[in-house]
Structure formats: C-alpha cells, structure tokens
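Asks: I'd like to ask some things about the structure below.
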There are 2 protein chains.
Amino acid sequence: MKTSSQAASSQEISSQEPIAHPSNAKREQILQGAMQVFLEQGYANTSMDRVAAAAGVSKQTIYSHFQDKEGLFTALIQRVTIERIQPELRADVLQGEPEVVLRRLANVYFDQLTSAEYLALIRVVIAESNRFPELAQLYTRTVIQRGRQILSDFFRSHPELEIADPEATAHIFFGSLVSFLISQEILYGKQIMPLAPEQLIDTLVPMVLNRGSHY
Amino acid sequence: MKTSSQAASSQEISSQEPIAHPSNAKREQILQGAMQVFLEQGYANTSMDRVAAAAGVSKQTIYSHFQDKEGLFTALIQRVTIERIQPELRADVLQGEPEVVLRRLANVYFDQLTSAEYLALIRVVIAESNRFPELAQLYTRTVIQRGRQILSDFFRSHPELEIADPEATAHIFFGSLVSFLISQEILYGKQIMPLAPEQLIDTLVPMVLNRGSHY
DNA sequence: GTCTATACCTAGATAGAC
DNA sequence: GTCTATCTAGGTATAGAC
C-alpha cells in the first residue's frame, strides 16, 4: 500500500481500456464482482482475493484485464457513474407545469437514488474523494453539475416564477433531496428521526415555487 | 483485518475509557495524532505505525491506552463529535427576528463546518457508516437530530411564519447547507461549478420565510 | 508506563503450468 | 487467456527489556 495520499493522480480518467483485450465478457464479469465488493466495503477494505471470488475468476485474470487495484477501481466507478447518469435527469422530463415537473423530478430522483447501489456509489465517492480526486470530479461534473444545469435552465425558461438566482435555487432543490437520502438512508436517520419523502416534497416544491409552505 | 463488515458491533459506545489509566496526557497526545491520520486517511488506510509516528509515541503505548484499532477509532470519533457539537447549535443563538436569526445560523454553521477538521469528520462518518454504524448513529443523534430539533422548535414559536411542517423545513435549511459543503468542498465543486455561500444564503433564507426569492 | 524487537498474518502483485 | 502457487511488503498485535 502506498503511503502517498494522492497515489491515484497518475490514473488516466479517459482511458477506458488500459490493456487491449479481445474478450469483453470476462471484463464485464470482473466489473460485476468488483462492484459488489468495492461499493459495499470501500476501496482500502477490499482485497483482490474477494473481488476474484465475487467475480468467479482468478486474481491473475483480473490483473490481465486491469493494470492494478487502482485501475480496476477507477474503471468501476467511471462505469457506474456514466451508466447511472443516463436514465436520470434527462431534460425532457422537465416539460409541463412547474409544480408537476418538480414533483415528478423529485419522485424520479428518489426512485433512482434510494437503490442500494446508488447510495453505495455516493458513499464510496465521498469516502475516496481524497485518494481519488479525479473520480469525485467526474461525479461532480457528470451528476451534480448536469442536474443543476438542467434545472436552472428550466427555471430561466419560466420567468413568471420570479426566481432571482436559478443556480442557487437548483442547488437547494437537489441538495435537500441528497441530504435527505444521506441522513435517512446512510446515517440511519430513518430509525432515529424518521421523515417521509412526501413530507419533504410537499414542503420543498411550494417553497421553491414561492407559494409558501401552506399547501 | 476482519472479514466481517459489522466488526465493530461489539464496541461499547458509552465506555469512555476501555482501560483504566492514571495519566491522561499521553491519551490526549495519542488522540491528537490519531485525529490527524484517521480523519485524513480514513479507517482502513490508517496504520497504527502512522498514528504512533504522528502522536510521537510508540505503538505499544497506544495499545496500553486503547484496546485495539477499532477502540481507538471509536474513541476518537466520539470525542470529535461530542466536542464539536458544543460551540455550534446552541439554542440561545435563535433569539430575535427570524430573518436575522436564520442568517446568523447559516453563517455560524458555515464558519464551523468549513474547517478542514469538520469536513474530514463528515467524510469519515459517511465513509465508515457501514463498518461503524453506531458512530454514524451517534453523529445523527448528536448533530443532525439536535440541530433539526432546535430549529423546528424555533419555527413553532413563530406561528406568524405559517410554516406547515417545521421538521421538513428545518431539514431543508440544514440539508441545503450540508449538501453545499459536500459538493463544494469535498467533491471539488468549488473548482468546477463555484457557488458563493452568500448566494445560497440570500436565496435560502427568504425561501424558508415564505417571502419569495426576490430579495 | 514506555520503548524496541518480533510473531503472525494478509495484502497486492507475479511466475510458470496448461 | 486462465488457473494454481508463491513472493514480498506492510499490517495488527504482543513479548520482554528498562
């Protein structure tokens, strides 16, 4: 294990395949196993032996497809981040009455993110943001920035809402949802201080639309 | 390293001193060193050798004061969480006009949490929420729940604000601040999509007070 | 009570058979 | 191209000197 805290800086973020390989089936199989272990256990607590066992291949096969542990982890997080961003936050979801659109957006967001896989991704990206800053930046650009951009564009296209700062308002909207999931699902708030998603949505949407919270 | 993902379940959360000891100076010294390394590197990536070096003591001295690595980490996070909760979120901060109070609260919150130490605590608590669920629960009760309670009490004591759901509103307020810090400071949003704290506060406070976002 | 030295183990990564 | 077997470094934890 390297002592440097920025050990992954040399990993290329754009190189999808560090080693040329004809068979992609094994590669998928490895990534599938790696996903289970890395997202559950985190980077440092995951051993290549466990990844090999979960994927049903030998260690050497992994090292044949990926340069090292860092390369495997980087490829995995890139894949999950890119794949997960496709279904959510398409601009065509934002068509119609603002109130309807925001409620739909919040519900879609909850459905997508409450999955154990997505929660684990958020947790791991935050956890490894020091060691793998380029992965955190990828997540920020691919998920956070894009979501904020789409929503603030929607606000700008509805001047009757009189939203003075679309970016800040979009941040509040998504930030409330994300912090809800972190506190409720990751930090066990669901057991300690439960709050229903409907409560949050029913309060948040009118607030953003400047209609007061008395719904 | 244990293979169980719930290895820390046996750690007692209330036992402040696992081993009776006369000299507390060394114990403080150890915790100071442990804070530097654990908060920076995370649990699994921290070695006891590095803690010993950072604290300026030998490994055996650490094992004389703490049962094992888990015990040291648990004691550290407990200490930081308890100590950090004292200066912030005292109920007497919430005296005066709602607008003034909320702005003061947001500013205090930013000042406290933007410190590298506090950001690192949040990151580690989230990162290790699987392995140390009792520490995540401690953080939730001590920080999140208490903050929400104090603010929702404040909302309830001001019925003229017509806040229908004080708990949900308090979550939105703090959740927007927390997610701001996570995205800006931890996930490098500051470099990618900068957003000034004043922007957020100027949008959030009128929104919560039902005054629209045109300030 | 604190340090030096060490036992024991698991980690990442590689060599060589097939 | 994939497996079994193995090497070496670094990890946690402990024994014994002072």
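By order of appearance in the structure tokens: chains A, B, ..., then residues from 1 within every chain, and ligands from 1 in the order shown.
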Per residue of chain C within 9 Å of chain A, record the nearest atom pair and its distance in Å to one decimal, counting only C-alpha atoms (C1' of nucleotides), with rows in chain order and ascending residue number, as JSON lines.
Replies:
{"residue": "C:DA11", "atom": "C1'", "partner": "A:Ser47", "partner_atom": "CA", "distance": 7.1}
{"residue": "C:DG12", "atom": "C1'", "partner": "A:Met48", "partner_atom": "CA", "distance": 7.5}
{"residue": "C:DA13", "atom": "C1'", "partner": "A:Asp68", "partner_atom": "CA", "distance": 8.2}
{"residue": "C:DT14", "atom": "C1'", "partner": "A:Gln60", "partner_atom": "CA", "distance": 8.6}
Asks: Give me, as a ChimeraX atom specification, the contact residues of chain D against chain A at a cut-off of 8 Å, counting only C-alpha atoms (C1' of nucleotides).
Replies: /D:1-3,10
Asks: Produce a file of the selected residues containing all heavy atoms, as an mmCIF file, in the first residue's frame.
Replies:
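New file out.cif:
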data_model
loop_
_atom_site.group_PDB
_atom_site.id
_atom_site.type_symbol
_atom_site.label_atom_id
_atom_site.label_comp_id
_atom_site.auth_asym_id
_atom_site.auth_seq_id
_atom_site.Cartn_x
_atom_site.Cartn_y
_atom_site.Cartn_z
ATOM 1 P P DG D 1 -5.124 -13.205 -25.233
ATOM 2 O OP1 DG D 1 -5.417 -11.881 -25.226
ATOM 3 O OP2 DG D 1 -4.082 -14.019 -25.714
ATOM 4 O "O5'" DG D 1 -5.905 -13.975 -24.065
ATOM 5 C "C5'" DG D 1 -7.166 -14.533 -24.398
ATOM 6 C "C4'" DG D 1 -7.532 -15.490 -23.299
ATOM 7 O "O4'" DG D 1 -6.449 -16.442 -23.089
ATOM 8 C "C3'" DG D 1 -7.771 -14.813 -21.946
ATOM 9 O "O3'" DG D 1 -8.901 -15.436 -21.377
ATOM 10 C "C2'" DG D 1 -6.499 -15.107 -21.151
ATOM 11 C "C1'" DG D 1 -6.091 -16.464 -21.707
ATOM 12 N N9 DG D 1 -4.637 -16.702 -21.648
ATOM 13 C C8 DG D 1 -3.627 -15.834 -21.918
ATOM 14 N N7 DG D 1 -2.435 -16.355 -21.802
ATOM 15 C C5 DG D 1 -2.677 -17.669 -21.424
ATOM 16 C C6 DG D 1 -1.771 -18.742 -21.147
ATOM 17 O O6 DG D 1 -0.536 -18.729 -21.178
ATOM 18 N N1 DG D 1 -2.451 -19.909 -20.803
ATOM 19 C C2 DG D 1 -3.819 -20.034 -20.752
ATOM 20 N N2 DG D 1 -4.307 -21.235 -20.401
ATOM 21 N N3 DG D 1 -4.672 -19.049 -21.005
ATOM 22 C C4 DG D 1 -4.029 -17.895 -21.328
ATOM 23 P P DT D 2 -9.657 -14.897 -20.121
ATOM 24 O OP1 DT D 2 -11.107 -15.000 -20.375
ATOM 25 O OP2 DT D 2 -9.043 -13.597 -19.789
ATOM 26 O "O5'" DT D 2 -9.305 -15.941 -18.962
ATOM 27 C "C5'" DT D 2 -9.685 -17.301 -19.122
ATOM 28 C "C4'" DT D 2 -8.898 -18.173 -18.166
ATOM 29 O "O4'" DT D 2 -7.507 -18.189 -18.540
ATOM 30 C "C3'" DT D 2 -8.914 -17.695 -16.705
ATOM 31 O "O3'" DT D 2 -9.713 -18.576 -15.940
ATOM 32 C "C2'" DT D 2 -7.443 -17.716 -16.275
ATOM 33 C "C1'" DT D 2 -6.772 -18.519 -17.375
ATOM 34 N N1 DT D 2 -5.345 -18.155 -17.603
ATOM 35 C C2 DT D 2 -4.377 -19.122 -17.442
ATOM 36 O O2 DT D 2 -4.627 -20.264 -17.113
ATOM 37 N N3 DT D 2 -3.095 -18.693 -17.662
ATOM 38 C C4 DT D 2 -2.693 -17.415 -18.033
ATOM 39 O O4 DT D 2 -1.505 -17.165 -18.203
ATOM 40 C C5 DT D 2 -3.752 -16.460 -18.191
ATOM 41 C C7 DT D 2 -3.423 -15.054 -18.579
ATOM 42 C C6 DT D 2 -5.017 -16.860 -17.965
ATOM 43 P P DC D 3 -9.904 -18.345 -14.388
ATOM 44 O OP1 DC D 3 -11.274 -18.803 -14.054
ATOM 45 O OP2 DC D 3 -9.497 -16.960 -14.079
ATOM 46 O "O5'" DC D 3 -8.850 -19.351 -13.713
ATOM 47 C "C5'" DC D 3 -9.077 -20.760 -13.797
ATOM 48 C "C4'" DC D 3 -7.815 -21.513 -13.422
ATOM 49 O "O4'" DC D 3 -6.711 -20.954 -14.172
ATOM 50 C "C3'" DC D 3 -7.413 -21.374 -11.953
ATOM 51 O "O3'" DC D 3 -7.683 -22.576 -11.247
ATOM 52 C "C2'" DC D 3 -5.930 -21.055 -11.957
ATOM 53 C "C1'" DC D 3 -5.533 -21.060 -13.408
ATOM 54 N N1 DC D 3 -4.689 -19.868 -13.717
ATOM 55 C C2 DC D 3 -3.305 -20.031 -13.881
ATOM 56 O O2 DC D 3 -2.812 -21.154 -13.762
ATOM 57 N N3 DC D 3 -2.541 -18.941 -14.147
ATOM 58 C C4 DC D 3 -3.122 -17.738 -14.258
ATOM 59 N N4 DC D 3 -2.338 -16.694 -14.530
ATOM 60 C C5 DC D 3 -4.532 -17.554 -14.098
ATOM 61 C C6 DC D 3 -5.271 -18.632 -13.821
ATOM 62 P P DG D 10 6.747 -1.654 2.327
ATOM 63 O OP1 DG D 10 6.657 -0.418 1.537
ATOM 64 O OP2 DG D 10 7.921 -1.922 3.179
ATOM 65 O "O5'" DG D 10 5.442 -1.751 3.230
ATOM 66 C "C5'" DG D 10 4.176 -1.949 2.598
ATOM 67 C "C4'" DG D 10 3.178 -2.426 3.624
ATOM 68 O "O4'" DG D 10 3.442 -3.819 3.951
ATOM 69 C "C3'" DG D 10 3.237 -1.668 4.952
ATOM 70 O "O3'" DG D 10 1.931 -1.336 5.353
ATOM 71 C "C2'" DG D 10 3.877 -2.669 5.911
ATOM 72 C "C1'" DG D 10 3.358 -3.987 5.334
ATOM 73 N N9 DG D 10 4.149 -5.148 5.720
ATOM 74 C C8 DG D 10 5.512 -5.257 5.760
ATOM 75 N N7 DG D 10 5.938 -6.426 6.159
ATOM 76 C C5 DG D 10 4.770 -7.139 6.391
ATOM 77 C C6 DG D 10 4.583 -8.470 6.836
ATOM 78 O O6 DG D 10 5.436 -9.312 7.123
ATOM 79 N N1 DG D 10 3.219 -8.798 6.937
ATOM 80 C C2 DG D 10 2.189 -7.934 6.649
ATOM 81 N N2 DG D 10 0.948 -8.411 6.805
ATOM 82 N N3 DG D 10 2.348 -6.687 6.233
ATOM 83 C C4 DG D 10 3.662 -6.360 6.127
#
Asks: With the cut-off set at 7 Å and counting only C-alpha atoms, tabulate each residue of chain B with an atom at most that distance from an atom of chain A, showing the nearest atom pair and its distance in Å to one decimal, ordered by chain and increasing number, as CSV.
Replies:
residue,atom,partner,partner_atom,distance
B:Ala44,CA,A:Ala44,CA,5.6
B:Asn45,CA,A:Ala44,CA,5.8
B:Arg123,CA,A:Ala127,CA,5.9
B:Val124,CA,A:Ala127,CA,6.6
B:Ile126,CA,A:Arg123,CA,6.3
B:Ala127,CA,A:Ala127,CA,4.5
B:Ser129,CA,A:Leu187,CA,6.5
B:Ala136,CA,A:Leu187,CA,5.3
B:Gln137,CA,A:Tyr188,CA,6.1
B:Thr140,CA,A:Leu187,CA,6.4
B:Gln145,CA,A:Met193,CA,6.8
B:Glu162,CA,A:His214,CA,7.0
B:Ile163,CA,A:Ser213,CA,5.9
B:Ala164,CA,A:His214,CA,5.6
B:Asp165,CA,A:Thr203,CA,7.0
B:Ala168,CA,A:Leu200,CA,5.4
B:Thr169,CA,A:Thr203,CA,6.8
B:Ile172,CA,A:Ser176,CA,5.3
B:Gly175,CA,A:Ser179,CA,5.1
B:Ser176,CA,A:Gly175,CA,5.1
B:Ser179,CA,A:Gly175,CA,5.1
B:Phe180,CA,A:Gly175,CA,7.0
B:Ile186,CA,A:Ser129,CA,6.7
B:Leu187,CA,A:Ala136,CA,5.3
B:Tyr188,CA,A:Gln137,CA,6.1
B:Gly189,CA,A:Thr140,CA,6.4
B:Met193,CA,A:Gln145,CA,6.8
B:Gln199,CA,A:Ala168,CA,6.4
B:Leu200,CA,A:Ala168,CA,5.4
B:Thr203,CA,A:Ala168,CA,6.6
B:Met207,CA,A:Met207,CA,5.9
B:Val208,CA,A:Met207,CA,6.9
B:Asn210,CA,A:Gly212,CA,4.8
B:Gly212,CA,A:Asn210,CA,4.8
B:Ser213,CA,A:Ile163,CA,5.9
B:His214,CA,A:Ala164,CA,5.6
Asks: Rounded to one decimal place, report the atom CA of Arg146 of chain A-atom CA of Ala116 of chain A distance in Å.
Replies: 22.3 Å
Asks: Tell me, which residues of segment 85-180 of chain B carry DSSP helix (DSSP H, G or I), written as JSON, numbers by chain?
Replies: {"B": [85, 91, 92, 93, 98, 99, 100, 101, 102, 103, 104, 105, 106, 107, 108, 109, 110, 111, 112, 113, 116, 117, 118, 119, 120, 121, 122, 123, 124, 125, 126, 127, 133, 134, 135, 136, 137, 138, 139, 140, 141, 142, 143, 144, 145, 146, 147, 148, 149, 150, 151, 152, 153, 154, 155, 156, 159, 160, 161, 166, 167, 168, 169, 170, 171, 172, 173, 174, 175, 176, 177, 178, 179, 180]}
Asks: So what do you get for atom CA of Ala170 of chain B versus atom CA of Ser152 of chain B, distance-wise?
Replies: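 Taking atom CA of Ala170 of chain B and atom CA of Ser152 of chain B, their separation equals 5.7 Å.
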Asks: Separation of atom CA of Glu185 of chain B and atom CA of Asp111 of chain B, in Å?
Replies: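 One can read the atom CA of Glu185 of chain B to atom CA of Asp111 of chain B distance as 13.1 Å.
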